[in-house]
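Enquirer: protein_31.txt is reproduced in full below (compact mmCIF, C-alpha atoms).
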```txt
# COMPACT_ATOMS: atom_id res chain seq x y z
CA MET A 148 74.19 -115.35 112.48
CA VAL A 149 72.40 -116.85 115.47
CA ALA A 150 73.44 -115.27 118.76
CA ARG A 151 74.75 -117.53 121.49
CA GLY A 152 75.36 -116.76 125.14
CA ILE A 153 77.51 -118.37 127.80
CA PHE A 154 74.42 -119.06 129.96
CA MET A 155 71.10 -118.35 128.29
CA VAL A 156 67.84 -117.60 130.11
CA ASP A 157 64.53 -117.00 128.35
CA THR A 158 62.57 -114.95 130.89
CA HIS A 159 59.14 -115.22 129.24
CA VAL A 160 57.92 -118.71 128.39
CA HIS A 161 54.54 -120.47 128.34
CA ALA A 162 55.26 -124.16 128.81
CA GLN A 163 51.60 -125.12 128.46
CA ARG A 164 49.62 -125.31 125.26
CA HIS A 165 45.94 -125.55 124.34
CA ALA A 166 44.52 -128.50 122.45
CA THR A 167 43.61 -127.14 119.03
CA GLY A 168 39.93 -127.17 118.20
CA VAL A 169 38.82 -128.34 121.67
CA SER A 170 36.87 -126.06 123.99
CA LYS A 171 35.13 -126.78 127.27
CA SER A 172 32.30 -124.48 126.25
CA ASN A 173 32.13 -125.51 122.60
CA LYS A 174 33.56 -128.86 121.53
CA SER A 175 33.37 -127.93 117.85
CA THR A 176 35.33 -124.69 118.09
CA GLU A 177 37.50 -124.19 115.01
CA TYR A 178 41.15 -123.30 115.55
CA ALA A 179 40.71 -119.93 113.84
CA ASP A 180 38.16 -119.00 116.51
CA LEU A 181 40.29 -119.86 119.52
CA GLY A 182 41.30 -116.25 120.09
CA LYS A 183 37.69 -115.51 121.05
CA ASP A 184 37.48 -118.42 123.48
CA MET A 185 41.08 -118.86 124.67
CA HIS A 186 40.37 -118.80 128.40
CA HIS A 187 38.01 -121.80 128.08
CA ILE A 188 40.50 -124.10 126.33
CA GLU A 189 42.00 -127.00 128.26
CA ALA A 190 45.76 -126.52 128.73
CA TYR A 191 48.28 -129.34 128.77
CA ASP A 192 51.96 -129.78 129.61
CA ASN A 193 54.02 -128.82 126.56
CA SER A 194 57.38 -128.90 128.33
CA ASP A 195 58.87 -131.80 126.35
CA ARG A 196 58.60 -129.75 123.18
CA LEU A 197 59.92 -126.69 125.02
CA LEU A 198 63.02 -128.55 126.24
CA TRP A 199 63.64 -129.82 122.72
CA HIS A 200 63.57 -126.24 121.39
CA MET A 201 65.80 -125.09 124.24
CA ASP A 202 68.37 -127.77 123.51
CA LYS A 203 68.37 -126.93 119.80
CA TYR A 204 69.33 -123.31 120.53
CA GLY A 205 71.37 -123.72 123.70
CA VAL A 206 68.87 -122.13 126.07
CA ASP A 207 69.87 -123.18 129.58
CA VAL A 208 66.88 -121.99 131.65
CA ALA A 209 63.30 -121.04 130.79
CA VAL A 210 61.24 -118.90 133.15
CA ILE A 211 57.71 -120.19 132.71
CA MET A 212 54.46 -118.44 133.56
CA PRO A 213 50.75 -119.18 133.20
CA ALA A 214 48.47 -117.09 131.00
CA PHE A 215 45.25 -117.34 128.96
CA GLY A 216 43.79 -120.44 130.62
CA MET A 217 47.01 -122.03 131.91
CA THR A 218 47.53 -123.09 135.53
CA ASN A 219 50.10 -122.77 138.29
CA GLU A 220 49.59 -126.47 139.06
CA ILE A 221 50.87 -127.62 135.66
CA ASP A 222 53.81 -125.23 135.94
CA LYS A 223 54.71 -126.71 139.35
CA ASP A 224 54.69 -130.18 137.81
CA ILE A 225 57.04 -128.92 135.10
CA LEU A 226 59.34 -127.43 137.76
CA LYS A 227 59.56 -130.84 139.41
CA LYS A 228 60.36 -132.52 136.09
CA TYR A 229 63.16 -130.11 135.14
CA PRO A 230 64.44 -128.44 138.33
CA ASN A 231 67.72 -127.34 136.71
CA ARG A 232 66.17 -126.03 133.50
CA ILE A 233 63.02 -124.25 134.70
CA ALA A 234 62.19 -121.28 136.92
CA ALA A 235 58.67 -119.93 137.33
CA PHE A 236 56.44 -116.90 137.86
CA VAL A 237 53.10 -117.17 139.66
CA LYS A 238 49.74 -115.72 138.64
CA GLU A 239 46.27 -115.42 140.25
CA VAL A 240 44.94 -118.18 137.98
CA HIS A 241 41.98 -119.44 140.02
CA THR A 242 40.82 -115.96 140.99
CA TYR A 243 40.81 -114.97 137.34
CA GLN A 244 39.10 -118.17 136.18
CA LYS A 245 36.26 -117.74 138.70
CA HIS A 246 35.80 -114.16 137.58
CA ASN A 247 35.93 -115.03 133.88
CA SER A 248 33.30 -117.76 134.30
CA GLY A 249 31.01 -115.51 136.33
CA GLU A 250 31.39 -117.64 139.45
CA ALA A 251 32.82 -114.82 141.57
CA ALA A 252 33.73 -111.16 141.32
CA TRP A 253 37.40 -110.31 140.87
CA THR A 254 38.98 -108.73 143.94
CA ILE A 255 42.57 -107.78 144.69
CA ASP A 256 42.22 -109.50 148.08
CA ALA A 257 41.40 -112.85 146.49
CA ALA A 258 44.16 -112.46 143.91
CA LEU A 259 46.84 -111.64 146.48
CA ASP A 260 45.72 -114.41 148.83
CA GLU A 261 46.12 -116.92 146.00
CA ILE A 262 49.50 -115.54 144.97
CA GLU A 263 50.87 -115.44 148.52
CA ARG A 264 49.89 -119.06 149.16
CA GLU A 265 51.96 -119.98 146.13
CA LEU A 266 54.88 -117.71 147.05
CA ASP A 267 55.02 -119.38 150.47
CA THR A 268 56.19 -122.55 148.68
CA GLY A 269 59.44 -120.82 147.70
CA LEU A 270 59.11 -122.12 144.14
CA TYR A 271 58.77 -118.81 142.31
CA VAL A 272 61.07 -116.02 141.17
CA GLY A 273 58.41 -113.50 140.20
CA ILE A 274 54.77 -112.51 139.78
CA GLY A 275 53.38 -112.50 136.26
CA GLU A 276 52.54 -112.42 133.42
CA GLY A 277 51.69 -108.81 134.17
CA MET A 278 50.28 -107.19 137.29
CA PRO A 279 47.24 -108.98 138.75
CA GLY A 280 44.14 -107.04 137.83
CA ASP A 281 40.54 -107.06 136.67
CA MET A 282 40.91 -106.99 132.90
CA LYS A 283 37.16 -106.82 132.26
CA THR A 284 36.45 -103.60 134.17
CA PRO A 285 39.78 -102.04 135.17
CA PRO A 286 39.55 -99.19 137.67
CA ALA A 287 40.86 -95.68 137.22
CA TRP A 288 44.54 -95.15 137.98
CA ASN A 289 44.19 -93.88 141.55
CA GLU A 290 42.48 -97.14 142.56
CA ARG A 291 44.67 -99.27 140.32
CA PHE A 292 47.85 -97.76 141.76
CA GLU A 293 46.75 -98.83 145.25
CA GLU A 294 46.20 -102.39 143.97
CA ILE A 295 49.60 -102.45 142.29
CA CYS A 296 51.29 -101.18 145.46
CA ARG A 297 49.91 -104.21 147.28
CA VAL A 298 51.38 -106.46 144.60
CA MET A 299 54.72 -104.69 144.95
CA GLU A 300 54.63 -105.18 148.72
CA LEU A 301 54.40 -108.93 148.11
CA CYS A 302 57.34 -108.75 145.69
CA ARG A 303 59.35 -106.89 148.31
CA LYS A 304 58.39 -109.36 151.08
CA TYR A 305 59.33 -112.45 149.07
CA LYS A 306 62.20 -110.83 147.13
CA VAL A 307 60.74 -111.70 143.74
CA VAL A 308 60.50 -109.79 140.46
CA ALA A 309 57.43 -107.81 139.42
CA THR A 310 56.21 -107.75 135.83
CA TYR A 311 54.44 -104.88 134.10
CA HIS A 312 52.75 -105.86 130.85
CA CYS A 313 53.18 -103.59 127.87
CA GLY A 314 52.18 -104.75 124.45
CA ALA A 315 49.14 -105.53 122.37
CA CYS A 316 48.78 -108.09 119.59
CA THR A 317 47.24 -106.73 116.41
CA GLY A 318 44.82 -109.59 116.03
CA TYR A 319 42.88 -109.82 119.30
CA GLY A 320 42.55 -108.16 122.68
CA GLY A 321 43.50 -111.03 124.96
CA ALA A 322 47.25 -110.51 125.10
CA GLY A 323 46.97 -106.75 125.16
CA GLY A 324 44.75 -106.96 128.19
CA GLY A 325 41.65 -105.09 129.20
CA GLY A 326 41.46 -101.36 129.58
CA ARG A 327 42.95 -100.42 126.22
CA GLY A 328 39.99 -98.08 125.81
CA ARG A 329 41.16 -96.10 128.85
CA THR A 330 44.21 -93.88 128.83
CA ASP A 331 44.57 -93.95 132.63
CA ASN A 332 45.07 -97.70 133.01
CA ASP A 333 48.39 -99.49 133.44
CA ARG A 334 47.82 -101.79 130.45
CA SER A 335 47.10 -98.81 128.22
CA ASN A 336 49.66 -96.31 129.47
CA VAL A 337 53.11 -97.71 130.22
CA ALA A 338 54.30 -94.32 131.48
CA LEU A 339 52.34 -95.05 134.67
CA CYS A 340 54.93 -97.74 135.43
CA GLY A 341 57.25 -94.90 136.40
CA GLN A 342 55.13 -94.12 139.45
CA VAL A 343 55.34 -97.75 140.55
CA ALA A 344 59.10 -97.90 140.01
CA ALA A 345 59.64 -94.69 141.97
CA ALA A 346 57.57 -95.97 144.89
CA TYR A 347 59.46 -99.30 145.04
CA PRO A 348 63.05 -98.64 143.91
CA ASP A 349 64.27 -101.84 145.58
CA VAL A 350 61.95 -104.13 143.58
CA PRO A 351 63.06 -105.11 140.04
CA ILE A 352 60.33 -104.56 137.45
CA ILE A 353 60.41 -106.19 134.02
CA ILE A 354 58.34 -104.41 131.39
CA GLU A 355 57.22 -107.44 129.44
CA HIS A 356 57.50 -107.16 125.66
CA ALA A 357 58.86 -103.60 126.13
CA GLY A 358 56.21 -102.35 123.74
CA ILE A 359 56.68 -105.00 121.03
CA GLU A 360 54.29 -107.96 121.35
CA GLY A 361 53.30 -109.53 118.09
CA SER A 362 52.17 -106.05 117.17
CA GLY A 363 53.76 -105.65 113.76
CA TYR A 364 56.17 -102.79 113.09
CA ARG A 365 54.60 -100.14 115.40
CA THR A 366 57.04 -98.61 117.91
CA ASP A 367 55.00 -96.06 119.87
CA LEU A 368 54.79 -98.21 123.02
CA TYR A 369 58.48 -99.11 122.67
CA GLU A 370 59.42 -95.43 122.87
CA GLN A 371 57.37 -95.05 126.06
CA CYS A 372 59.15 -98.06 127.57
CA LEU A 373 62.53 -96.46 126.89
CA LEU A 374 61.40 -93.30 128.67
CA VAL A 375 60.37 -95.25 131.78
CA ALA A 376 63.56 -97.36 131.80
CA ARG A 377 65.90 -94.38 131.45
CA SER A 378 64.15 -92.70 134.37
CA HIS A 379 64.21 -95.61 136.87
CA HIS A 380 67.16 -97.85 137.66
CA ASN A 381 65.00 -100.80 138.75
CA VAL A 382 63.15 -101.12 135.42
CA TYR A 383 64.27 -103.79 132.94
CA LEU A 384 63.13 -104.17 129.33
CA GLU A 385 62.20 -107.53 127.82
CA THR A 386 63.61 -107.64 124.29
CA GLY A 387 62.87 -111.06 122.79
CA GLN A 388 60.52 -109.75 120.09
CA TRP A 389 62.65 -106.74 119.18
CA TRP A 390 64.17 -106.63 115.72
CA ALA A 391 67.87 -105.69 115.67
CA GLU A 392 67.47 -101.95 115.03
CA LEU A 393 65.46 -101.49 118.24
CA TYR A 394 68.51 -102.29 120.39
CA ALA A 395 70.42 -99.20 119.21
CA LYS A 396 68.68 -96.55 121.33
CA PRO A 397 68.85 -98.32 124.72
CA LEU A 398 72.42 -99.50 124.12
CA GLN A 399 73.49 -95.93 123.35
CA ASP A 400 71.58 -94.49 126.31
CA PRO A 401 73.82 -94.19 129.41
CA ASN A 402 70.70 -94.33 131.59
CA ILE A 403 69.67 -97.73 130.21
CA GLY A 404 72.56 -99.61 128.64
CA VAL A 405 73.09 -103.31 128.26
CA GLU A 406 72.65 -103.95 131.98
CA ARG A 407 68.88 -103.50 131.85
CA LEU A 408 67.95 -105.45 128.75
CA ILE A 409 66.58 -108.95 129.31
CA TRP A 410 65.85 -111.61 126.71
CA GLY A 411 62.33 -113.02 126.87
CA THR A 412 60.58 -114.37 123.79
CA ASP A 413 57.02 -115.31 124.84
CA TRP A 414 57.81 -118.83 123.66
CA GLY A 415 54.62 -120.86 123.55
CA SER A 416 52.33 -118.03 122.47
CA SER A 417 53.04 -119.04 118.86
CA ILE A 418 53.57 -115.53 117.55
CA PRO A 419 54.72 -115.84 113.92
CA GLN A 420 56.94 -113.50 111.95
CA SER A 421 55.88 -111.45 108.95
CA TRP A 422 58.13 -110.41 106.08
CA MET A 423 58.26 -106.97 104.46
CA PRO A 424 61.18 -107.12 101.99
CA GLY A 425 63.17 -103.93 101.55
CA PHE A 426 61.73 -102.15 104.59
CA VAL A 427 62.93 -101.63 108.17
CA PRO A 428 62.06 -103.83 109.89
CA GLU A 429 62.18 -106.45 107.18
CA THR A 430 60.88 -109.17 109.50
CA PHE A 431 58.80 -108.66 112.63
CA CYS A 432 56.40 -110.53 114.91
CA ASP A 433 52.75 -110.10 114.04
CA GLN A 434 50.01 -112.22 115.61
CA ASN A 435 47.23 -111.35 113.23
CA ILE A 436 44.22 -113.53 113.91
CA ASN A 437 42.63 -112.42 110.64
CA VAL A 438 44.94 -114.84 108.85
CA GLY A 439 44.36 -117.60 111.42
CA LEU A 440 46.30 -118.68 114.48
CA PRO A 441 49.17 -121.05 113.63
CA ALA A 442 48.67 -124.71 114.49
CA HIS A 443 52.41 -125.46 114.59
CA GLN A 444 54.92 -124.44 117.27
CA ILE A 445 56.44 -121.18 116.04
CA ASP A 446 60.25 -121.07 116.05
CA ILE A 447 60.61 -117.80 117.93
CA TYR A 448 64.09 -118.75 119.15
CA GLY A 449 65.56 -118.92 115.67
CA TRP A 450 64.23 -115.50 114.63
CA SER A 451 64.91 -113.71 117.93
CA LEU A 452 68.49 -114.98 118.15
CA ARG A 453 69.18 -114.09 114.53
CA GLU A 454 68.09 -110.51 115.26
CA LEU A 455 70.41 -110.39 118.30
CA GLY A 456 73.14 -111.91 116.15
CA ARG A 457 73.05 -108.82 113.93
CA LEU A 458 74.41 -106.72 116.82
CA ASN A 459 78.13 -106.08 116.75
CA ILE A 460 78.59 -105.74 120.50
CA PRO A 461 81.11 -107.34 122.89
CA GLN A 462 80.26 -110.93 123.76
CA ASP A 463 80.28 -110.12 127.47
CA ASP A 464 77.57 -107.53 126.82
CA LEU A 465 75.55 -110.01 124.79
CA ASN A 466 75.90 -112.50 127.65
CA LEU A 467 74.21 -110.02 129.98
CA ILE A 468 71.19 -109.66 127.69
CA LEU A 469 70.90 -113.39 127.12
CA GLY A 470 71.25 -114.46 130.74
CA GLY A 471 73.41 -112.47 133.11
CA ASN A 472 70.87 -109.77 133.92
CA ALA A 473 68.14 -112.34 134.53
CA CYS A 474 70.41 -114.35 136.82
CA LYS A 475 71.07 -111.25 138.87
CA ILE A 476 67.52 -110.08 139.49
CA MET A 477 65.95 -113.56 139.74
CA ASN A 478 68.76 -115.17 141.71
CA ILE A 479 69.12 -117.91 139.10
CA LYS A 480 72.40 -119.71 139.71
CA PRO A 481 74.54 -120.63 136.69
CA PRO A 482 76.92 -123.59 137.03
CA TYR A 483 79.94 -121.33 137.63
CA THR A 484 80.40 -117.96 139.29
CA ARG A 485 82.06 -114.97 137.58
CA LEU A 486 80.55 -115.76 134.17
CA PHE A 487 79.24 -112.23 133.75
CA LYS A 488 80.50 -108.67 133.96
CA GLN A 489 78.36 -107.83 136.96
CA TYR A 490 78.19 -109.44 140.38
CA ILE A 491 75.68 -112.24 140.90
CA LYS A 492 74.68 -113.34 144.40
CA LYS A 493 75.89 -116.77 145.44
```
Rewrite the structure of this file - the entire thing - as structure tokens.
Expert:
Amino acid sequence: MVARGIFMVDTHVHAQRHATGVSKSNKSTEYADLGKDMHHIEAYDNSDRLLWHMDKYGVDVAVIMPAFGMTNEIDKDILKKYPNRIAAFVKEVHTYQKHNSGEAAWTIDAALDEIERELDTGLYVGIGEGMPGDMKTPPAWNERFEEICRVMELCRKYKVVATYHCGACTGYGGAGGGGRGRTDNDRSNVALCGQVAAAYPDVPIIIEHAGIEGSGYRTDLYEQCLLVARSHHNVYLETGQWWAELYAKPLQDPNIGVERLIWGTDWGSSIPQSWMPGFVPETFCDQNINVGLPAHQIDIYGWSLRELGRLNIPQDDLNLILGGNACKIMNIKPPYTRLFKQYIKK
């Protein structure tokens, strides 16, 4: 059964795509090698294909964000094309690109200046994917916490959502982020998110992937995400790559519950599913570059919604996961009021 919601919002979407086999630094790059050179690949507007997928599965709004070589400029063009179907997060794209190319050192000042210029446009509902940061040489937590506090101050000022990345693909380091060799860095230790949440209880934080990001059947990071969410009322868990059994613990936990689960699939990252018949989970997302990155557009909606469809929960609860919670914290306005169990600002 494919789950359906009364107003569906995918909170994690990449509406840009990279031309396969084409690299600015190496025109003959093979597709299987793109994971090593992803930040140098030209991105293009993939929103027509996105809208087609959304229409097929009844997704009303996609929250798009740039990552791995994508740009805020293309996302703004997509916003203009589909103002009623698209919302957007902003990222320090140019600051990161200059750093990645060796043109300039990464600094939190440059990153926040770029982000605030974009936030001043009023076009964005959040900052992400993930907290802005130097992924090549991440600092120790005491310095990193100060950087993150400055990001959170911007979220508070502009009343937008913060995102905290937690997940690591099995195949390559790009999506997992830098600093996985350190245990005191935010991208390696999700428990540190609790300090951020406690310092800014008025700012909603989405833990992206909630520990499951094309990472196969491992659940260690997922368990840490549950611990943070049950301890802080402003922390929300992104569930779009969870298999059905992973919903049981947070739904049964009175300190998490359905009100803080948010559907976000990472559509556009082309993370395929693997099959392990007879085991739990039987199917799961696994972006294993050793078998080659897929050239086609992965149907993450079909799989993710089938997993949600295995839950025997009230439809009004399902509606919160699939859209109501996102509408509340991102101030996304559905066509009618009083669609959801909880109050949504007009």
Enquirer: Applying 6 Å and all atoms listed in the file, which residues near Gly411 in chain A remain after dropping the ones on its own chain fewer than 6 positions away? List them as a ChimeraX atom specification.
Expert: /A:157-159,385,387
Enquirer: Include C-alpha atoms and write out the residues we just selected as a PDB file, keeping the file's coordinate frame.
Expert:
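Result written to part33.pdb:
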```pdb
ATOM      1  CA  ASP A 157      64.530-117.000 128.350  1.00  0.00           C
ATOM      2  CA  THR A 158      62.570-114.950 130.890  1.00  0.00           C
ATOM      3  CA  HIS A 159      59.140-115.220 129.240  1.00  0.00           C
ATOM      4  CA  GLU A 385      62.200-107.530 127.820  1.00  0.00           C
ATOM      5  CA  GLY A 387      62.870-111.060 122.790  1.00  0.00           C
TER       6      GLY A 387
END
```
Enquirer: Could you give me, as an NGL selection string, the residues within 8 Å of range 278-286 of chain A, counting all atoms listed in the file and dropping anything in the same chain fewer than 2 positions from it?
Expert: :A and (238-239 or 243 or 253-255 or 258 or 274-276 or 288 or 290-291 or 294-295 or 298 or 309-312 or 324-326 or 332)
Enquirer: Which of these residues is nearest to His356 in chain A, using only C-alpha atoms: A:Val160, A:Ala395, A:Leu197, A:Leu259?
Expert: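 The shortest atom-to-atom distance to His356 in chain A comes from A:Val160.
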Enquirer: List every protein, DNA or RNA residue with an atom no more than 12 Å from (51.2, -127.7, 140.2) in the file's coordinates, counting only C-alpha atoms, and format the result as a list in words.
Expert: Tyr191, Asp192, Met212, Pro213, Met217, Thr218, Asn219, Glu220, Ile221, Asp222, Lys223, Asp224, Ile225, Leu226, Lys227, Lys228, Ala235, Val237, Val240, Glu265, Thr268, Leu270 and Tyr271 of chain A
Enquirer: Point out the residue among A:Leu458, A:Ile418, A:Leu408, A:Leu486 with the least atom-to-atom distance to Asp446 in chain A, counting only C-alpha atoms.
Expert: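 Ranked by minimum distance to Asp446 in chain A, first place goes to A:Ile418.
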Enquirer: Need to verify the contact set: Cys302 in chain A, 10 Å, all atoms listed in the file, exclusion of same-chain residues closer than 4 positions in sequence. Can you return it as a list in words?
Expert: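 Returned residues: Glu263, Leu266, Val272, Gly273, Ile274, Cys296, Arg297, Val298, Lys306, Val307, Val308, Ala309, Thr310, Tyr347, Asp349, Val350, Pro351 and Ile352 of chain A.
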Enquirer: Mind working out the centre and edge lengths of an axis-aligned box for range 260-268 of chain A, all listed atoms inside, 3 Å added to each side, rounded to one decimal in Å and written as AutoDock Vina command-line options?
Expert:
```
--center_x 51.0 --center_y -118.5 --center_z 147.7 --size_x 16.5 --size_y 14.1 --size_z 11.5
```
Enquirer: May I have the residues within 12 Å of Asn381 in chain A as a ChimeraX atom specification, using only C-alpha atoms and disregarding those fewer than 2 positions away in the same chain?
Expert: /A:308-310,340-354,375-379,383-384,402-403,406-408,472,476
Enquirer: Could the residues in this selection be saved with C-alpha atoms as a compact mmCIF listing (two decimals), in the coordinates of the input?
Expert:
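Okay, out14.txt is ready:
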```txt
# COMPACT_ATOMS: atom_id res chain seq x y z
CA VAL A 308 60.50 -109.79 140.46
CA ALA A 309 57.43 -107.81 139.42
CA THR A 310 56.21 -107.75 135.83
CA CYS A 340 54.93 -97.74 135.43
CA GLY A 341 57.25 -94.90 136.40
CA GLN A 342 55.13 -94.12 139.45
CA VAL A 343 55.34 -97.75 140.55
CA ALA A 344 59.10 -97.90 140.01
CA ALA A 345 59.64 -94.69 141.97
CA ALA A 346 57.57 -95.97 144.89
CA TYR A 347 59.46 -99.30 145.04
CA PRO A 348 63.05 -98.64 143.91
CA ASP A 349 64.27 -101.84 145.58
CA VAL A 350 61.95 -104.13 143.58
CA PRO A 351 63.06 -105.11 140.04
CA ILE A 352 60.33 -104.56 137.45
CA ILE A 353 60.41 -106.19 134.02
CA ILE A 354 58.34 -104.41 131.39
CA VAL A 375 60.37 -95.25 131.78
CA ALA A 376 63.56 -97.36 131.80
CA ARG A 377 65.90 -94.38 131.45
CA SER A 378 64.15 -92.70 134.37
CA HIS A 379 64.21 -95.61 136.87
CA TYR A 383 64.27 -103.79 132.94
CA LEU A 384 63.13 -104.17 129.33
CA ASN A 402 70.70 -94.33 131.59
CA ILE A 403 69.67 -97.73 130.21
CA GLU A 406 72.65 -103.95 131.98
CA ARG A 407 68.88 -103.50 131.85
CA LEU A 408 67.95 -105.45 128.75
CA ASN A 472 70.87 -109.77 133.92
CA ILE A 476 67.52 -110.08 139.49
```
Enquirer: Which is closest to Asp464 in chain A among A:Cys372, A:Val382, A:Val210, A:Val405, if we use only C-alpha atoms?
Expert: A:Val405
Enquirer: Using all atoms listed in the file, can you tell me which of A:Ile233, A:Gly415, A:Ile447, A:Cys313 comes closest to Asp367 in chain A?
Expert: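 Ranked by minimum distance to Asp367 in chain A, first place goes to A:Cys313.
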Enquirer: Could you list, as a VMD selection string, every residue within 9 Å of range 427-429 of chain A, counting only C-alpha atoms and ignoring same-chain residues fewer than 2 positions away?
Expert: chain A and resid 364 390 to 392 421 to 425 431
Enquirer: Just to confirm, what's the straight-line distance from CA of Arg232 in chain A to CA of Pro481 in chain A in Å (one decimal)?
Expert: 10.5 Å
Enquirer: Using only C-alpha atoms - which residues lie no farther than 12 Å from the point (72.8, -112.8, 134.1) in the file's frame? Write them as a PDB file with C-alpha atoms, in the frame of the given file.
Expert:
```
ATOM      1  CA  GLY A 152      75.360-116.760 125.140  1.00  0.00           C
ATOM      2  CA  ILE A 153      77.510-118.370 127.800  1.00  0.00           C
ATOM      3  CA  PHE A 154      74.420-119.060 129.960  1.00  0.00           C
ATOM      4  CA  MET A 155      71.100-118.350 128.290  1.00  0.00           C
ATOM      5  CA  VAL A 156      67.840-117.600 130.110  1.00  0.00           C
ATOM      6  CA  ASP A 157      64.530-117.000 128.350  1.00  0.00           C
ATOM      7  CA  THR A 158      62.570-114.950 130.890  1.00  0.00           C
ATOM      8  CA  ASP A 207      69.870-123.180 129.580  1.00  0.00           C
ATOM      9  CA  VAL A 208      66.880-121.990 131.650  1.00  0.00           C
ATOM     10  CA  VAL A 405      73.090-103.310 128.260  1.00  0.00           C
ATOM     11  CA  GLU A 406      72.650-103.950 131.980  1.00  0.00           C
ATOM     12  CA  ARG A 407      68.880-103.500 131.850  1.00  0.00           C
ATOM     13  CA  LEU A 408      67.950-105.450 128.750  1.00  0.00           C
ATOM     14  CA  ILE A 409      66.580-108.950 129.310  1.00  0.00           C
ATOM     15  CA  TRP A 410      65.850-111.610 126.710  1.00  0.00           C
ATOM     16  CA  ASP A 463      80.280-110.120 127.470  1.00  0.00           C
ATOM     17  CA  ASP A 464      77.570-107.530 126.820  1.00  0.00           C
ATOM     18  CA  LEU A 465      75.550-110.010 124.790  1.00  0.00           C
ATOM     19  CA  ASN A 466      75.900-112.500 127.650  1.00  0.00           C
ATOM     20  CA  LEU A 467      74.210-110.020 129.980  1.00  0.00           C
ATOM     21  CA  ILE A 468      71.190-109.660 127.690  1.00  0.00           C
ATOM     22  CA  LEU A 469      70.900-113.390 127.120  1.00  0.00           C
ATOM     23  CA  GLY A 470      71.250-114.460 130.740  1.00  0.00           C
ATOM     24  CA  GLY A 471      73.410-112.470 133.110  1.00  0.00           C
ATOM     25  CA  ASN A 472      70.870-109.770 133.920  1.00  0.00           C
ATOM     26  CA  ALA A 473      68.140-112.340 134.530  1.00  0.00           C
ATOM     27  CA  CYS A 474      70.410-114.350 136.820  1.00  0.00           C
ATOM     28  CA  LYS A 475      71.070-111.250 138.870  1.00  0.00           C
ATOM     29  CA  ILE A 476      67.520-110.080 139.490  1.00  0.00           C
ATOM     30  CA  MET A 477      65.950-113.560 139.740  1.00  0.00           C
ATOM     31  CA  ASN A 478      68.760-115.170 141.710  1.00  0.00           C
ATOM     32  CA  ILE A 479      69.120-117.910 139.100  1.00  0.00           C
ATOM     33  CA  LYS A 480      72.400-119.710 139.710  1.00  0.00           C
ATOM     34  CA  PRO A 481      74.540-120.630 136.690  1.00  0.00           C
ATOM     35  CA  PRO A 482      76.920-123.590 137.030  1.00  0.00           C
ATOM     36  CA  TYR A 483      79.940-121.330 137.630  1.00  0.00           C
ATOM     37  CA  THR A 484      80.400-117.960 139.290  1.00  0.00           C
ATOM     38  CA  ARG A 485      82.060-114.970 137.580  1.00  0.00           C
ATOM     39  CA  LEU A 486      80.550-115.760 134.170  1.00  0.00           C
ATOM     40  CA  PHE A 487      79.240-112.230 133.750  1.00  0.00           C
ATOM     41  CA  LYS A 488      80.500-108.670 133.960  1.00  0.00           C
ATOM     42  CA  GLN A 489      78.360-107.830 136.960  1.00  0.00           C
ATOM     43  CA  TYR A 490      78.190-109.440 140.380  1.00  0.00           C
ATOM     44  CA  ILE A 491      75.680-112.240 140.900  1.00  0.00           C
ATOM     45  CA  LYS A 492      74.680-113.340 144.400  1.00  0.00           C
TER      46      LYS A 492
END
```
Enquirer: May I ask for the distance between CA of Phe215 in chain A and CA of Leu301 in chain A, given in Å to one decimal place?
Expert: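 Going from CA of Phe215 in chain A over to CA of Leu301 in chain A, I get 22.8 Å.
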Enquirer: So what do you get for CA of Cys432 in chain A versus CA of Ser362 in chain A, distance-wise?
Expert: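 Calculated distance between CA of Cys432 in chain A and CA of Ser362 in chain A is 6.6 Å.
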